[in-house]
Amino acid sequence: MSRFADGLTAILEKNANERRKMGEEAISKWKVFEEKVLDQWLDICKKQCKMAAQLDSDSLTIEVQTACFNKLGNTWTNDGCVNGAAASARVQAPLPPGAWWYMTKGVTYSGSLNAKVRSQDVLEFLMPKLVDLLKTLGFKTVELDRGKVILSWRKPSEPPAKRPRVASGNLKLECAICHEKNALQPSCHVVICLAANASAKPRLEPGNALSARNPYIQCRRCSSRRLHGGKGRAYFLVLIRLHNTH
């Protein structure tokens, strides 16, 4: 027969699981809200850059709070805090109570869900993410300086910048090696993430040594067997080099 105190522990565990689930749902909805806000801010920055280019300027300084944050409408209170209901209605992405706190403190947050959120904290949280988005648009420089985003683009007399080689793809799925959701790249007959590709080096498996009797090797990543087509260690090193370029 279980003791009475065990029942109390079970109640605590149930409450903790419910709070965790509520926190996970709140974080998920915050991410949707955040994405829509950043999309709006990005559109604002694009429009202002076009206006600057039409005036023959090759640079622009954007004060994020004035140009972007305040464009959300009446989303802050007189004491400098965010009006969550107004902000979520503005971008049509409902936010449950405590979404900000769960996002910044984690699903184990146990404080007040209705605690006030300073607009400056939200601004500082989102500005670096806005900068990351702007860096994907091909600007010559993108800098963040005390609440201002400083952008510049090349003049007609300047040669186009070389596009950096992308080390990984933009498709995010579950990696076949580490089973985590990351940007993937092709490798052998599967797609794996960059981290797995760097750590999982091809090697000869036991019983699969190169020889005339056993002309196959087995891939450590995808377990496929390949005809080596040559003899000795030298060919295997070449195969490793080719394998790593997948």
# chains A, B, ... in the order shown; residues from 1 in each chain; ligands from 1
>>> select_by_dssp(residues="range 55-143 of chain A", states="alpha helix (DSSP H)", output="tab-separated table (two decimals) with C-alpha atoms, in the first residue's frame")
chain	number	residue	atom	x	y	z
A	64	VAL	CA	14.89	50.07	-34.78
A	65	GLN	CA	12.62	51.34	-32.02
A	66	THR	CA	11.36	54.31	-34.01
A	67	ALA	CA	11.21	52.69	-37.43
A	84	GLY	CA	1.07	41.76	-25.15
A	85	ALA	CA	-2.59	41.61	-26.19
A	86	ALA	CA	-2.23	44.63	-28.49
A	87	ALA	CA	1.05	43.37	-29.98
A	88	SER	CA	-0.30	39.89	-30.71
A	89	ALA	CA	-3.47	41.34	-32.25
A	90	ARG	CA	-1.37	43.64	-34.42
A	91	VAL	CA	0.47	40.74	-36.08
A	99	ALA	CA	4.94	33.45	-23.35
A	100	TRP	CA	7.82	35.92	-23.03
A	101	TRP	CA	8.94	34.50	-19.71
A	102	TYR	CA	8.82	30.90	-20.91
A	103	MET	CA	10.77	31.87	-24.01
A	104	THR	CA	13.53	33.66	-22.11
A	105	LYS	CA	13.56	31.66	-18.86
A	119	SER	CA	9.71	46.93	-24.14
A	120	GLN	CA	13.46	47.54	-24.10
A	121	ASP	CA	14.08	43.90	-23.19
A	122	VAL	CA	11.94	42.69	-26.11
A	123	LEU	CA	13.66	45.14	-28.44
A	124	GLU	CA	17.13	43.95	-27.41
A	125	PHE	CA	15.98	40.34	-27.76
A	126	LEU	CA	14.73	40.79	-31.32
A	127	MET	CA	17.28	43.21	-32.78
A	128	PRO	CA	20.11	40.64	-33.23
A	129	LYS	CA	17.64	38.36	-35.01
A	130	LEU	CA	16.67	41.19	-37.33
A	131	VAL	CA	20.35	41.75	-38.08
A	132	ASP	CA	20.79	38.06	-38.92
A	133	LEU	CA	17.92	38.31	-41.41
A	134	LEU	CA	19.37	41.44	-42.98
A	135	LYS	CA	22.73	39.72	-43.44
>>> atom_distance(atom1="CA of Ile62 in chain A", atom2="CA of Arg146 in chain A")
11.0 Å
>>> atom_distance(atom1="CA of Met51 in chain A", atom2="CA of Leu38 in chain A")
20.0 Å
>>> residues_around(residues="Thr61 in chain A", least_positions_apart="6", cutoff="8 Å", atoms="only C-alpha atoms", output="PDB file with N, CA, C and O atoms, in the first residue's frame")
ATOM      1  N   LYS A 148      20.608  50.915 -33.215  1.00  0.00           N
ATOM      2  CA  LYS A 148      20.524  51.331 -34.617  1.00  0.00           C
ATOM      3  C   LYS A 148      21.164  50.269 -35.508  1.00  0.00           C
ATOM      4  O   LYS A 148      22.199  49.701 -35.166  1.00  0.00           O
ATOM      5  N   VAL A 149      20.533  50.024 -36.651  1.00  0.00           N
ATOM      6  CA  VAL A 149      21.078  49.113 -37.650  1.00  0.00           C
ATOM      7  C   VAL A 149      21.676  49.953 -38.770  1.00  0.00           C
ATOM      8  O   VAL A 149      20.991  50.792 -39.356  1.00  0.00           O
ATOM      9  N   ILE A 150      22.963  49.744 -39.036  1.00  0.00           N
ATOM     10  CA  ILE A 150      23.670  50.504 -40.062  1.00  0.00           C
ATOM     11  C   ILE A 150      23.904  49.581 -41.258  1.00  0.00           C
ATOM     12  O   ILE A 150      24.587  48.569 -41.147  1.00  0.00           O
ATOM     13  N   LEU A 151      23.326  49.958 -42.394  1.00  0.00           N
ATOM     14  CA  LEU A 151      23.389  49.130 -43.603  1.00  0.00           C
ATOM     15  C   LEU A 151      24.127  49.877 -44.706  1.00  0.00           C
ATOM     16  O   LEU A 151      24.049  51.109 -44.808  1.00  0.00           O
TER      17      LEU A 151
END
>>> decode(residues="range 60-94 of chain A", atoms="N, CA, C and O atoms", output="PDB file, in the first residue's frame")
ATOM      1  N   LEU A  60      22.417  53.395 -45.085  1.00  0.00           N
ATOM      2  CA  LEU A  60      21.252  53.843 -44.326  1.00  0.00           C
ATOM      3  C   LEU A  60      21.401  53.419 -42.875  1.00  0.00           C
ATOM      4  O   LEU A  60      21.870  52.312 -42.586  1.00  0.00           O
ATOM      5  N   THR A  61      21.013  54.309 -41.982  1.00  0.00           N
ATOM      6  CA  THR A  61      20.978  53.995 -40.552  1.00  0.00           C
ATOM      7  C   THR A  61      19.523  53.985 -40.106  1.00  0.00           C
ATOM      8  O   THR A  61      18.799  54.964 -40.292  1.00  0.00           O
ATOM      9  N   ILE A  62      19.114  52.864 -39.527  1.00  0.00           N
ATOM     10  CA  ILE A  62      17.725  52.690 -39.106  1.00  0.00           C
ATOM     11  C   ILE A  62      17.679  52.568 -37.591  1.00  0.00           C
ATOM     12  O   ILE A  62      18.337  51.682 -37.013  1.00  0.00           O
ATOM     13  N   GLU A  63      16.934  53.434 -36.948  1.00  0.00           N
ATOM     14  CA  GLU A  63      16.709  53.311 -35.508  1.00  0.00           C
ATOM     15  C   GLU A  63      15.552  52.332 -35.321  1.00  0.00           C
ATOM     16  O   GLU A  63      14.410  52.644 -35.652  1.00  0.00           O
ATOM     17  N   VAL A  64      15.853  51.164 -34.797  1.00  0.00           N
ATOM     18  CA  VAL A  64      14.891  50.065 -34.784  1.00  0.00           C
ATOM     19  C   VAL A  64      13.639  50.407 -33.984  1.00  0.00           C
ATOM     20  O   VAL A  64      12.527  50.099 -34.397  1.00  0.00           O
ATOM     21  N   GLN A  65      13.804  51.042 -32.844  1.00  0.00           N
ATOM     22  CA  GLN A  65      12.624  51.336 -32.020  1.00  0.00           C
ATOM     23  C   GLN A  65      11.670  52.285 -32.740  1.00  0.00           C
ATOM     24  O   GLN A  65      10.463  52.057 -32.775  1.00  0.00           O
ATOM     25  N   THR A  66      12.212  53.338 -33.334  1.00  0.00           N
ATOM     26  CA  THR A  66      11.357  54.311 -34.009  1.00  0.00           C
ATOM     27  C   THR A  66      10.776  53.763 -35.305  1.00  0.00           C
ATOM     28  O   THR A  66       9.584  53.912 -35.583  1.00  0.00           O
ATOM     29  N   ALA A  67      11.633  53.117 -36.096  1.00  0.00           N
ATOM     30  CA  ALA A  67      11.212  52.690 -37.432  1.00  0.00           C
ATOM     31  C   ALA A  67      10.433  51.381 -37.419  1.00  0.00           C
ATOM     32  O   ALA A  67       9.564  51.179 -38.264  1.00  0.00           O
ATOM     33  N   CYS A  68      10.754  50.496 -36.487  1.00  0.00           N
ATOM     34  CA  CYS A  68      10.160  49.151 -36.504  1.00  0.00           C
ATOM     35  C   CYS A  68       9.270  48.872 -35.297  1.00  0.00           C
ATOM     36  O   CYS A  68       8.081  48.561 -35.444  1.00  0.00           O
ATOM     37  N   PHE A  69       9.820  49.005 -34.116  1.00  0.00           N
ATOM     38  CA  PHE A  69       9.081  48.626 -32.908  1.00  0.00           C
ATOM     39  C   PHE A  69       7.814  49.457 -32.747  1.00  0.00           C
ATOM     40  O   PHE A  69       6.739  48.933 -32.461  1.00  0.00           O
ATOM     41  N   ASN A  70       7.924  50.743 -32.968  1.00  0.00           N
ATOM     42  CA  ASN A  70       6.762  51.624 -32.802  1.00  0.00           C
ATOM     43  C   ASN A  70       5.711  51.430 -33.888  1.00  0.00           C
ATOM     44  O   ASN A  70       4.571  51.859 -33.736  1.00  0.00           O
ATOM     45  N   LYS A  71       6.103  50.770 -34.978  1.00  0.00           N
ATOM     46  CA  LYS A  71       5.157  50.520 -36.064  1.00  0.00           C
ATOM     47  C   LYS A  71       4.130  49.462 -35.690  1.00  0.00           C
ATOM     48  O   LYS A  71       3.150  49.253 -36.409  1.00  0.00           O
ATOM     49  N   LEU A  72       4.366  48.780 -34.574  1.00  0.00           N
ATOM     50  CA  LEU A  72       3.398  47.778 -34.129  1.00  0.00           C
ATOM     51  C   LEU A  72       2.145  48.432 -33.562  1.00  0.00           C
ATOM     52  O   LEU A  72       1.202  47.752 -33.180  1.00  0.00           O
ATOM     53  N   GLY A  73       2.151  49.747 -33.486  1.00  0.00           N
ATOM     54  CA  GLY A  73       0.975  50.448 -32.966  1.00  0.00           C
ATOM     55  C   GLY A  73       1.074  50.633 -31.458  1.00  0.00           C
ATOM     56  O   GLY A  73       2.165  50.651 -30.885  1.00  0.00           O
ATOM     57  N   ASN A  74      -0.040  50.738 -30.805  1.00  0.00           N
ATOM     58  CA  ASN A  74      -0.078  50.976 -29.363  1.00  0.00           C
ATOM     59  C   ASN A  74       0.195  49.676 -28.599  1.00  0.00           C
ATOM     60  O   ASN A  74      -0.677  49.075 -27.998  1.00  0.00           O
ATOM     61  N   THR A  75       1.450  49.233 -28.688  1.00  0.00           N
ATOM     62  CA  THR A  75       1.818  47.958 -28.081  1.00  0.00           C
ATOM     63  C   THR A  75       2.667  48.125 -26.827  1.00  0.00           C
ATOM     64  O   THR A  75       3.288  47.184 -26.377  1.00  0.00           O
ATOM     65  N   TRP A  76       2.732  49.326 -26.294  1.00  0.00           N
ATOM     66  CA  TRP A  76       3.473  49.539 -25.054  1.00  0.00           C
ATOM     67  C   TRP A  76       2.656  50.431 -24.126  1.00  0.00           C
ATOM     68  O   TRP A  76       1.768  51.158 -24.547  1.00  0.00           O
ATOM     69  N   THR A  77       2.964  50.348 -22.866  1.00  0.00           N
ATOM     70  CA  THR A  77       2.233  51.117 -21.870  1.00  0.00           C
ATOM     71  C   THR A  77       3.048  52.348 -21.476  1.00  0.00           C
ATOM     72  O   THR A  77       4.191  52.518 -21.894  1.00  0.00           O
ATOM     73  N   ASN A  78       2.457  53.181 -20.656  1.00  0.00           N
ATOM     74  CA  ASN A  78       3.130  54.421 -20.267  1.00  0.00           C
ATOM     75  C   ASN A  78       4.382  54.177 -19.436  1.00  0.00           C
ATOM     76  O   ASN A  78       5.267  55.029 -19.370  1.00  0.00           O
ATOM     77  N   ASP A  79       4.458  53.023 -18.780  1.00  0.00           N
ATOM     78  CA  ASP A  79       5.636  52.735 -17.955  1.00  0.00           C
ATOM     79  C   ASP A  79       6.705  51.968 -18.730  1.00  0.00           C
ATOM     80  O   ASP A  79       7.603  51.370 -18.144  1.00  0.00           O
ATOM     81  N   GLY A  80       6.613  51.963 -20.060  1.00  0.00           N
ATOM     82  CA  GLY A  80       7.650  51.339 -20.874  1.00  0.00           C
ATOM     83  C   GLY A  80       7.560  49.841 -20.972  1.00  0.00           C
ATOM     84  O   GLY A  80       8.557  49.183 -21.283  1.00  0.00           O
ATOM     85  N   CYS A  81       6.393  49.279 -20.751  1.00  0.00           N
ATOM     86  CA  CYS A  81       6.201  47.833 -20.844  1.00  0.00           C
ATOM     87  C   CYS A  81       5.352  47.478 -22.057  1.00  0.00           C
ATOM     88  O   CYS A  81       4.631  48.311 -22.602  1.00  0.00           O
ATOM     89  N   VAL A  82       5.459  46.238 -22.490  1.00  0.00           N
ATOM     90  CA  VAL A  82       4.763  45.787 -23.688  1.00  0.00           C
ATOM     91  C   VAL A  82       3.323  45.417 -23.361  1.00  0.00           C
ATOM     92  O   VAL A  82       3.049  44.762 -22.354  1.00  0.00           O
ATOM     93  N   ASN A  83       2.416  45.835 -24.214  1.00  0.00           N
ATOM     94  CA  ASN A  83       1.028  45.409 -24.141  1.00  0.00           C
ATOM     95  C   ASN A  83       0.908  44.171 -25.022  1.00  0.00           C
ATOM     96  O   ASN A  83       0.739  44.255 -26.239  1.00  0.00           O
ATOM     97  N   GLY A  84       1.027  43.004 -24.401  1.00  0.00           N
ATOM     98  CA  GLY A  84       1.068  41.755 -25.153  1.00  0.00           C
ATOM     99  C   GLY A  84      -0.163  41.511 -25.994  1.00  0.00           C
ATOM    100  O   GLY A  84      -0.067  41.047 -27.134  1.00  0.00           O
ATOM    101  N   ALA A  85      -1.334  41.831 -25.461  1.00  0.00           N
ATOM    102  CA  ALA A  85      -2.585  41.610 -26.190  1.00  0.00           C
ATOM    103  C   ALA A  85      -2.629  42.460 -27.453  1.00  0.00           C
ATOM    104  O   ALA A  85      -3.016  41.993 -28.532  1.00  0.00           O
ATOM    105  N   ALA A  86      -2.217  43.741 -27.332  1.00  0.00           N
ATOM    106  CA  ALA A  86      -2.228  44.628 -28.495  1.00  0.00           C
ATOM    107  C   ALA A  86      -1.197  44.200 -29.533  1.00  0.00           C
ATOM    108  O   ALA A  86      -1.457  44.233 -30.738  1.00  0.00           O
ATOM    109  N   ALA A  87      -0.016  43.777 -29.060  1.00  0.00           N
ATOM    110  CA  ALA A  87       1.045  43.369 -29.983  1.00  0.00           C
ATOM    111  C   ALA A  87       0.652  42.117 -30.753  1.00  0.00           C
ATOM    112  O   ALA A  87       0.858  42.022 -31.968  1.00  0.00           O
ATOM    113  N   SER A  88       0.079  41.133 -30.048  1.00  0.00           N
ATOM    114  CA  SER A  88      -0.303  39.887 -30.714  1.00  0.00           C
ATOM    115  C   SER A  88      -1.452  40.120 -31.692  1.00  0.00           C
ATOM    116  O   SER A  88      -1.509  39.501 -32.757  1.00  0.00           O
ATOM    117  N   ALA A  89      -2.371  41.026 -31.346  1.00  0.00           N
ATOM    118  CA  ALA A  89      -3.471  41.344 -32.247  1.00  0.00           C
ATOM    119  C   ALA A  89      -2.957  42.061 -33.491  1.00  0.00           C
ATOM    120  O   ALA A  89      -3.472  41.858 -34.600  1.00  0.00           O
ATOM    121  N   ARG A  90      -1.929  42.875 -33.311  1.00  0.00           N
ATOM    122  CA  ARG A  90      -1.371  43.644 -34.420  1.00  0.00           C
ATOM    123  C   ARG A  90      -0.806  42.735 -35.503  1.00  0.00           C
ATOM    124  O   ARG A  90      -0.949  43.001 -36.698  1.00  0.00           O
ATOM    125  N   VAL A  91      -0.138  41.651 -35.098  1.00  0.00           N
ATOM    126  CA  VAL A  91       0.471  40.738 -36.081  1.00  0.00           C
ATOM    127  C   VAL A  91      -0.355  39.470 -36.275  1.00  0.00           C
ATOM    128  O   VAL A  91       0.061  38.549 -36.964  1.00  0.00           O
ATOM    129  N   GLN A  92      -1.519  39.422 -35.634  1.00  0.00           N
ATOM    130  CA  GLN A  92      -2.433  38.278 -35.741  1.00  0.00           C
ATOM    131  C   GLN A  92      -1.751  36.972 -35.340  1.00  0.00           C
ATOM    132  O   GLN A  92      -1.776  35.976 -36.056  1.00  0.00           O
ATOM    133  N   ALA A  93      -1.114  37.013 -34.177  1.00  0.00           N
ATOM    134  CA  ALA A  93      -0.465  35.826 -33.610  1.00  0.00           C
ATOM    135  C   ALA A  93      -0.711  35.845 -32.108  1.00  0.00           C
ATOM    136  O   ALA A  93       0.022  36.493 -31.362  1.00  0.00           O
ATOM    137  N   PRO A  94      -1.758  35.174 -31.630  1.00  0.00           N
ATOM    138  CA  PRO A  94      -2.106  35.225 -30.204  1.00  0.00           C
ATOM    139  C   PRO A  94      -1.000  34.693 -29.309  1.00  0.00           C
ATOM    140  O   PRO A  94      -0.347  33.698 -29.627  1.00  0.00           O
TER     141      PRO A  94
END
